[in-house]
file run23.cif (mmCIF, C-alpha atoms)
data_start
loop_
_atom_site.label_atom_id
_atom_site.label_comp_id
_atom_site.auth_asym_id
_atom_site.auth_seq_id
_atom_site.Cartn_x
_atom_site.Cartn_y
_atom_site.Cartn_z
CA MET S 1 46.89 -60.59 98.93
CA THR S 2 45.93 -59.65 95.38
CA ASP S 3 45.88 -56.04 94.30
CA VAL S 4 42.64 -54.95 92.71
CA ILE S 5 43.11 -52.77 89.68
CA ALA S 6 40.45 -50.12 89.37
CA PRO S 7 39.12 -49.47 85.88
CA SER S 8 40.76 -46.44 84.36
CA ARG S 9 38.70 -43.31 84.05
CA PRO S 10 39.38 -40.62 81.48
CA ALA S 11 41.17 -37.59 82.86
CA GLU S 12 38.97 -34.61 83.66
CA ARG S 13 38.94 -32.17 80.78
CA ARG S 14 39.31 -28.44 81.60
CA GLN S 15 37.34 -25.67 79.90
CA VAL S 16 36.60 -21.99 80.43
CA ALA S 17 33.27 -20.22 79.97
CA ALA S 18 31.98 -16.66 79.74
CA LEU S 19 28.87 -15.69 81.66
CA CYS S 20 27.83 -12.86 79.32
CA TRP S 21 25.62 -10.24 80.94
CA ARG S 22 24.11 -6.80 80.45
CA ARG S 23 21.50 -4.49 81.94
CA GLY S 24 18.32 -4.59 79.87
CA GLN S 25 15.27 -2.34 79.98
CA GLY S 26 14.65 -0.93 83.41
CA GLY S 27 18.07 -2.08 84.59
CA VAL S 28 17.06 -5.76 84.62
CA LEU S 29 20.02 -8.13 84.63
CA GLU S 30 20.09 -10.25 81.47
CA ILE S 31 22.25 -13.28 80.68
CA LEU S 32 23.16 -14.31 77.13
CA LEU S 33 22.78 -18.01 76.36
CA ILE S 34 23.55 -19.82 73.12
CA THR S 35 22.50 -23.19 71.78
CA SER S 36 24.98 -26.03 71.70
CA ARG S 37 25.85 -27.30 68.23
CA ASP S 38 25.13 -30.93 69.05
CA THR S 39 21.93 -30.95 71.10
CA GLY S 40 20.51 -27.44 70.81
CA ARG S 41 20.36 -27.06 74.59
CA TRP S 42 21.01 -23.64 76.16
CA VAL S 43 24.62 -23.14 77.31
CA THR S 44 27.17 -20.41 77.97
CA PRO S 45 29.98 -19.83 75.46
CA LYS S 46 32.80 -22.17 76.51
CA GLY S 47 35.81 -24.00 75.20
CA GLY S 48 39.31 -25.15 75.89
CA ARG S 49 42.05 -23.19 77.57
CA MET S 50 44.27 -21.34 75.08
CA PRO S 51 48.07 -21.07 75.12
CA GLY S 52 49.23 -17.49 75.51
CA LEU S 53 45.91 -16.30 76.97
CA SER S 54 44.74 -16.15 80.55
CA ASP S 55 41.68 -18.29 81.26
CA ALA S 56 39.57 -15.11 81.41
CA GLN S 57 40.90 -13.97 78.01
CA ALA S 58 40.20 -17.43 76.56
CA ALA S 59 36.61 -17.23 77.88
CA ALA S 60 36.23 -13.82 76.21
CA GLN S 61 37.55 -15.30 72.93
CA GLU S 62 34.96 -18.10 73.15
CA ALA S 63 32.22 -15.48 73.69
CA LEU S 64 33.33 -13.68 70.52
CA GLU S 65 33.51 -16.85 68.40
CA GLU S 66 30.40 -18.63 69.71
CA ALA S 67 28.09 -15.70 70.56
CA GLY S 68 29.48 -12.71 68.66
CA VAL S 69 29.87 -10.51 71.74
CA GLU S 70 32.73 -8.52 73.23
CA GLY S 71 33.13 -6.71 76.51
CA GLU S 72 34.94 -6.43 79.79
CA VAL S 73 35.85 -9.79 81.30
CA GLY S 74 36.63 -10.23 84.98
CA GLU S 75 39.96 -11.92 85.71
CA SER S 76 38.64 -13.64 88.85
CA PRO S 77 36.47 -16.70 88.24
CA LEU S 78 32.86 -16.71 89.44
CA GLY S 79 33.13 -20.43 90.16
CA GLU S 80 33.10 -23.78 88.43
CA PHE S 81 30.68 -26.44 87.27
CA ARG S 82 31.10 -29.96 85.99
CA TYR S 83 29.36 -31.83 83.19
CA LEU S 84 29.87 -34.82 80.94
CA LYS S 85 31.11 -33.66 77.55
CA ARG S 86 29.73 -35.82 74.78
CA LEU S 87 32.46 -36.68 72.31
CA LYS S 88 31.67 -38.00 68.83
CA ARG S 89 34.19 -40.84 68.67
CA ARG S 90 34.51 -41.63 72.36
CA GLY S 91 32.28 -41.91 75.37
CA PRO S 92 31.36 -38.95 77.57
CA ARG S 93 34.27 -37.26 79.30
CA PRO S 94 34.06 -35.53 82.69
CA THR S 95 34.71 -31.82 82.21
CA ARG S 96 35.33 -29.04 84.73
CA VAL S 97 34.45 -25.53 83.53
CA THR S 98 35.75 -22.34 85.15
CA VAL S 99 33.32 -19.44 84.59
CA PHE S 100 34.21 -15.77 84.14
CA ALA S 101 31.80 -12.81 84.02
CA LEU S 102 31.84 -10.81 80.80
CA GLN S 103 29.92 -7.52 80.71
CA VAL S 104 28.81 -7.27 77.08
CA GLN S 105 29.60 -3.93 75.46
CA ARG S 106 29.30 -4.89 71.79
CA GLN S 107 27.08 -7.41 70.03
CA HIS S 108 28.00 -8.19 66.42
CA PRO S 109 25.20 -8.85 63.90
CA GLY S 110 27.27 -11.68 62.39
CA TRP S 111 29.92 -13.88 63.99
CA LYS S 112 32.03 -16.99 63.38
CA GLU S 113 29.47 -19.59 64.57
CA ALA S 114 26.27 -17.69 63.71
CA ALA S 115 25.12 -20.39 61.28
CA GLN S 116 25.58 -23.09 63.95
CA ARG S 117 24.06 -21.46 67.04
CA THR S 118 21.19 -19.32 68.24
CA ARG S 119 21.82 -16.63 70.85
CA ARG S 120 19.21 -15.13 73.13
CA TRP S 121 19.11 -12.80 76.12
CA PHE S 122 17.20 -14.06 79.16
CA ARG S 123 16.38 -12.47 82.49
CA ALA S 124 18.85 -13.95 84.98
CA ASP S 125 16.18 -15.90 86.86
CA ARG S 126 15.00 -17.49 83.60
CA ALA S 127 18.54 -18.20 82.37
CA SER S 128 19.33 -20.09 85.57
CA VAL S 129 16.60 -22.65 84.79
CA MET S 130 17.22 -22.79 81.03
CA VAL S 131 20.64 -24.43 81.45
CA ASP S 132 20.82 -28.19 82.10
CA GLU S 133 23.76 -28.06 84.50
CA THR S 134 22.46 -27.53 88.04
CA ASP S 135 25.72 -25.99 89.25
CA LEU S 136 25.76 -23.52 86.34
CA GLY S 137 22.21 -22.49 87.22
CA ALA S 138 23.35 -21.93 90.80
CA LEU S 139 26.29 -19.81 89.58
CA ILE S 140 23.90 -17.65 87.55
CA ARG S 141 21.61 -17.18 90.58
CA ALA S 142 24.56 -16.31 92.81
CA PHE S 143 25.89 -13.84 90.25
CA ALA S 144 22.49 -12.18 89.91
CA SER S 145 22.11 -11.85 93.68
CA ASP S 146 25.45 -10.06 94.08
CA GLU S 147 24.25 -6.53 93.33
CA THR S 148 27.39 -5.03 94.92
CA ARG S 149 29.68 -6.64 92.37
CA LEU S 150 27.32 -5.87 89.50
CA GLY S 151 27.11 -2.24 90.53
CA ALA S 152 30.91 -2.01 90.64
CA ALA S 153 31.21 -3.65 87.23
CA ASP S 154 28.70 -1.18 85.77
CA ASP S 155 30.88 1.71 86.96
CA HIS S 156 33.77 0.45 84.79
CA GLY S 157 31.76 0.10 81.59
#

call {"tool": "encode", "arguments": {"input": "run23.cif", "output": "structure tokens"}}
result
Amino acid sequence: MTDVIAPSRPAERRQVAALCWRRGQGGVLEILLITSRDTGRWVTPKGGRMPGLSDAQAAAQEALEEAGVEGEVGESPLGEFRYLKRLKRRGPRPTRVTVFALQVQRQHPGWKEAAQRTRRWFRADRASVMVDETDLGALIRAFASDETRLGAADDHG
């Protein structure tokens, strides 16, 4: 019997993301989205895990660098989503992103990637359909529907 060798697949890349949120006028939940540098599609701030930082802290660092916001980040993940990361010199790579809620308390007028990205606040229901990743949209909807958690987070800010 001959062994069949399966084609090798690239290892799944791991990233962390910040779901940046605030209460807008009338207490409406708003989600901050930014444009990706490559395609201009709406995304959450995300990037690689960082040595010496928890995943939640790394997500908060990405929010500062990519969106110019700071706030209180939850240490427990909201969930995960997967997408194919487009790499310049190689083919797409499967990527798993762990998402952390970040209640925005400060928005800087200028930030590290301001010249490369646009940031915009959306009502949560609108943000959930603005992102391409179906599972990320579902995470946003689930987050918005959990008023108990959001109320508790507001009490700490």

call {"tool": "closest_residue", "arguments": {"input": "run23.cif", "among": "S:Ala58, S:Ala114, S:Phe122, S:Ala101", "to": "S:Glu30", "atoms": "only C-alpha atoms"}}
result
S:Phe122

call {"tool": "residues_around", "arguments": {"input": "run23.cif", "residues": "S:Ala56", "least_positions_apart": "6", "cutoff": "12 Å", "atoms": "all atoms listed in the file", "output": "number ranges by chain"}}
result
S: 15-19, 46-50, 62-63, 71-78, 97-102

call {"tool": "residues_near_point", "arguments": {"input": "run23.cif", "point": "(18.3, -16.3, 78.9)", "cutoff": "7 Å", "atoms": "only C-alpha atoms", "output": "list in words"}}
result
Glu30, Ile31, Leu32, Leu33, Arg120, Trp121, Phe122, Arg123, Ala124, Arg126, Ala127 and Met130 of chain S

call {"tool": "atom_distance", "arguments": {"input": "run23.cif", "atom1": "atom CA of S:Ser145", "atom2": "atom CA of S:Leu84"}}
result
27.4 Å

call {"tool": "closest_residue", "arguments": {"input": "run23.cif", "among": "S:Arg37, S:Arg96, S:Lys85, S:Arg13", "to": "S:Leu136", "atoms": "all atoms listed in the file"}}
result
S:Arg96

call {"tool": "residues_around", "arguments": {"input": "run23.cif", "residues": "S:Asp125", "least_positions_apart": "5", "cutoff": "9 Å", "atoms": "all atoms listed in the file", "output": "PyMOL selection string"}}
result
chain S and resi 29-30+137+140-141+144

call {"tool": "atom_distance", "arguments": {"input": "run23.cif", "atom1": "atom CA of S:Leu64", "atom2": "atom CA of S:Asp135"}}
result
23.7 Å

call {"tool": "atom_distance", "arguments": {"input": "run23.cif", "atom1": "atom CA of S:Ile34", "atom2": "atom CA of S:Gln105"}}
result
17.2 Å

call {"tool": "resolve_selection", "arguments": {"input": "run23.cif", "expression": "the PyMOL selection byres ((chain S and resi 82) around 6)", "output": "count of residues only"}}
result
4

call {"tool": "resolve_selection", "arguments": {"input": "run23.cif", "expression": "the PyMOL selection byres ((chain S and resi 23) around 10)", "output": "PyMOL selection string"}}
result
chain S and resi 21-22+24-31+103-104+123+150+154

call {"tool": "write_last_selection", "arguments": {"input": "run23.cif", "atoms": "C-alpha atoms", "output": "mmCIF file, in the frame of the given file"}}
result
data_model
loop_
_atom_site.group_PDB
_atom_site.id
_atom_site.type_symbol
_atom_site.label_atom_id
_atom_site.label_comp_id
_atom_site.auth_asym_id
_atom_site.auth_seq_id
_atom_site.Cartn_x
_atom_site.Cartn_y
_atom_site.Cartn_z
ATOM 1 C CA TRP S 21 25.620 -10.240 80.940
ATOM 2 C CA ARG S 22 24.110 -6.800 80.450
ATOM 3 C CA GLY S 24 18.320 -4.590 79.870
ATOM 4 C CA GLN S 25 15.270 -2.340 79.980
ATOM 5 C CA GLY S 26 14.650 -0.930 83.410
ATOM 6 C CA GLY S 27 18.070 -2.080 84.590
ATOM 7 C CA VAL S 28 17.060 -5.760 84.620
ATOM 8 C CA LEU S 29 20.020 -8.130 84.630
ATOM 9 C CA GLU S 30 20.090 -10.250 81.470
ATOM 10 C CA ILE S 31 22.250 -13.280 80.680
ATOM 11 C CA GLN S 103 29.920 -7.520 80.710
ATOM 12 C CA VAL S 104 28.810 -7.270 77.080
ATOM 13 C CA ARG S 123 16.380 -12.470 82.490
ATOM 14 C CA LEU S 150 27.320 -5.870 89.500
ATOM 15 C CA ASP S 154 28.700 -1.180 85.770
#

call {"tool": "decode", "arguments": {"input": "run23.cif", "residues": "stretch 11-75 of chain S", "atoms": "C-alpha atoms", "output": "mmCIF file, in the first residue's frame"}}
result
data_model
loop_
_atom_site.group_PDB
_atom_site.id
_atom_site.type_symbol
_atom_site.label_atom_id
_atom_site.label_comp_id
_atom_site.auth_asym_id
_atom_site.auth_seq_id
_atom_site.Cartn_x
_atom_site.Cartn_y
_atom_site.Cartn_z
ATOM 1 C CA ALA S 11 0.369 27.013 9.499
ATOM 2 C CA GLU S 12 -2.486 29.102 10.836
ATOM 3 C CA ARG S 13 -1.273 32.553 11.793
ATOM 4 C CA ARG S 14 -2.470 34.000 15.136
ATOM 5 C CA GLN S 15 -3.509 37.622 15.648
ATOM 6 C CA VAL S 16 -5.306 39.708 18.252
ATOM 7 C CA ALA S 17 -7.865 42.449 17.641
ATOM 8 C CA ALA S 18 -9.550 45.220 19.601
ATOM 9 C CA LEU S 19 -13.281 45.743 19.249
ATOM 10 C CA CYS S 20 -13.246 49.455 20.122
ATOM 11 C CA TRP S 21 -16.546 50.774 21.438
ATOM 12 C CA ARG S 22 -18.193 53.747 23.108
ATOM 13 C CA ARG S 23 -21.620 55.141 23.919
ATOM 14 C CA GLY S 24 -22.576 57.846 21.434
ATOM 15 C CA GLN S 25 -25.421 60.353 21.533
ATOM 16 C CA GLY S 26 -28.426 59.036 23.371
ATOM 17 C CA GLY S 27 -26.413 56.124 24.734
ATOM 18 C CA VAL S 28 -26.234 54.375 21.351
ATOM 19 C CA LEU S 29 -23.502 51.751 21.151
ATOM 20 C CA GLU S 30 -20.889 52.688 18.551
ATOM 21 C CA ILE S 31 -18.050 50.580 17.151
ATOM 22 C CA LEU S 32 -14.856 52.079 15.728
ATOM 23 C CA LEU S 33 -13.704 50.611 12.418
ATOM 24 C CA ILE S 34 -10.613 51.496 10.421
ATOM 25 C CA THR S 35 -9.662 50.908 6.811
ATOM 26 C CA SER S 36 -7.095 48.269 5.963
ATOM 27 C CA ARG S 37 -3.922 49.591 4.358
ATOM 28 C CA ASP S 38 -4.053 47.196 1.412
ATOM 29 C CA THR S 39 -7.678 47.086 0.286
ATOM 30 C CA GLY S 40 -9.405 49.927 2.124
ATOM 31 C CA ARG S 41 -12.038 47.569 3.536
ATOM 32 C CA TRP S 42 -13.434 48.201 7.030
ATOM 33 C CA VAL S 43 -11.685 46.194 9.774
ATOM 34 C CA THR S 44 -10.960 46.265 13.496
ATOM 35 C CA PRO S 45 -7.455 47.188 14.694
ATOM 36 C CA LYS S 46 -5.497 43.918 14.771
ATOM 37 C CA GLY S 47 -2.015 42.516 14.597
ATOM 38 C CA GLY S 48 0.370 39.909 15.861
ATOM 39 C CA ARG S 49 0.774 38.743 19.414
ATOM 40 C CA MET S 50 3.517 40.637 21.278
ATOM 41 C CA PRO S 51 6.177 39.186 23.586
ATOM 42 C CA GLY S 52 5.863 40.524 27.118
ATOM 43 C CA LEU S 53 2.221 41.571 26.671
ATOM 44 C CA SER S 54 -0.968 39.652 27.281
ATOM 45 C CA ASP S 55 -3.089 39.180 24.168
ATOM 46 C CA ALA S 56 -5.521 41.810 25.506
ATOM 47 C CA GLN S 57 -2.663 44.289 26.045
ATOM 48 C CA ALA S 58 -1.363 43.574 22.520
ATOM 49 C CA ALA S 59 -4.860 44.256 21.120
ATOM 50 C CA ALA S 60 -4.925 47.577 23.011
ATOM 51 C CA GLN S 61 -1.497 48.453 21.557
ATOM 52 C CA GLU S 62 -2.805 47.740 18.040
ATOM 53 C CA ALA S 63 -5.791 50.033 18.721
ATOM 54 C CA LEU S 64 -3.413 52.829 19.711
ATOM 55 C CA GLU S 65 -1.121 52.387 16.697
ATOM 56 C CA GLU S 66 -3.761 51.726 14.022
ATOM 57 C CA ALA S 67 -6.716 53.801 15.280
ATOM 58 C CA GLY S 68 -5.246 56.295 17.755
ATOM 59 C CA VAL S 69 -7.491 55.266 20.643
ATOM 60 C CA GLU S 70 -6.885 54.198 24.226
ATOM 61 C CA GLY S 71 -9.156 52.806 26.882
ATOM 62 C CA GLU S 72 -10.020 49.927 29.144
ATOM 63 C CA VAL S 73 -9.489 46.532 27.531
ATOM 64 C CA GLY S 74 -11.176 43.383 28.792
ATOM 65 C CA GLU S 75 -8.805 40.505 29.553
#
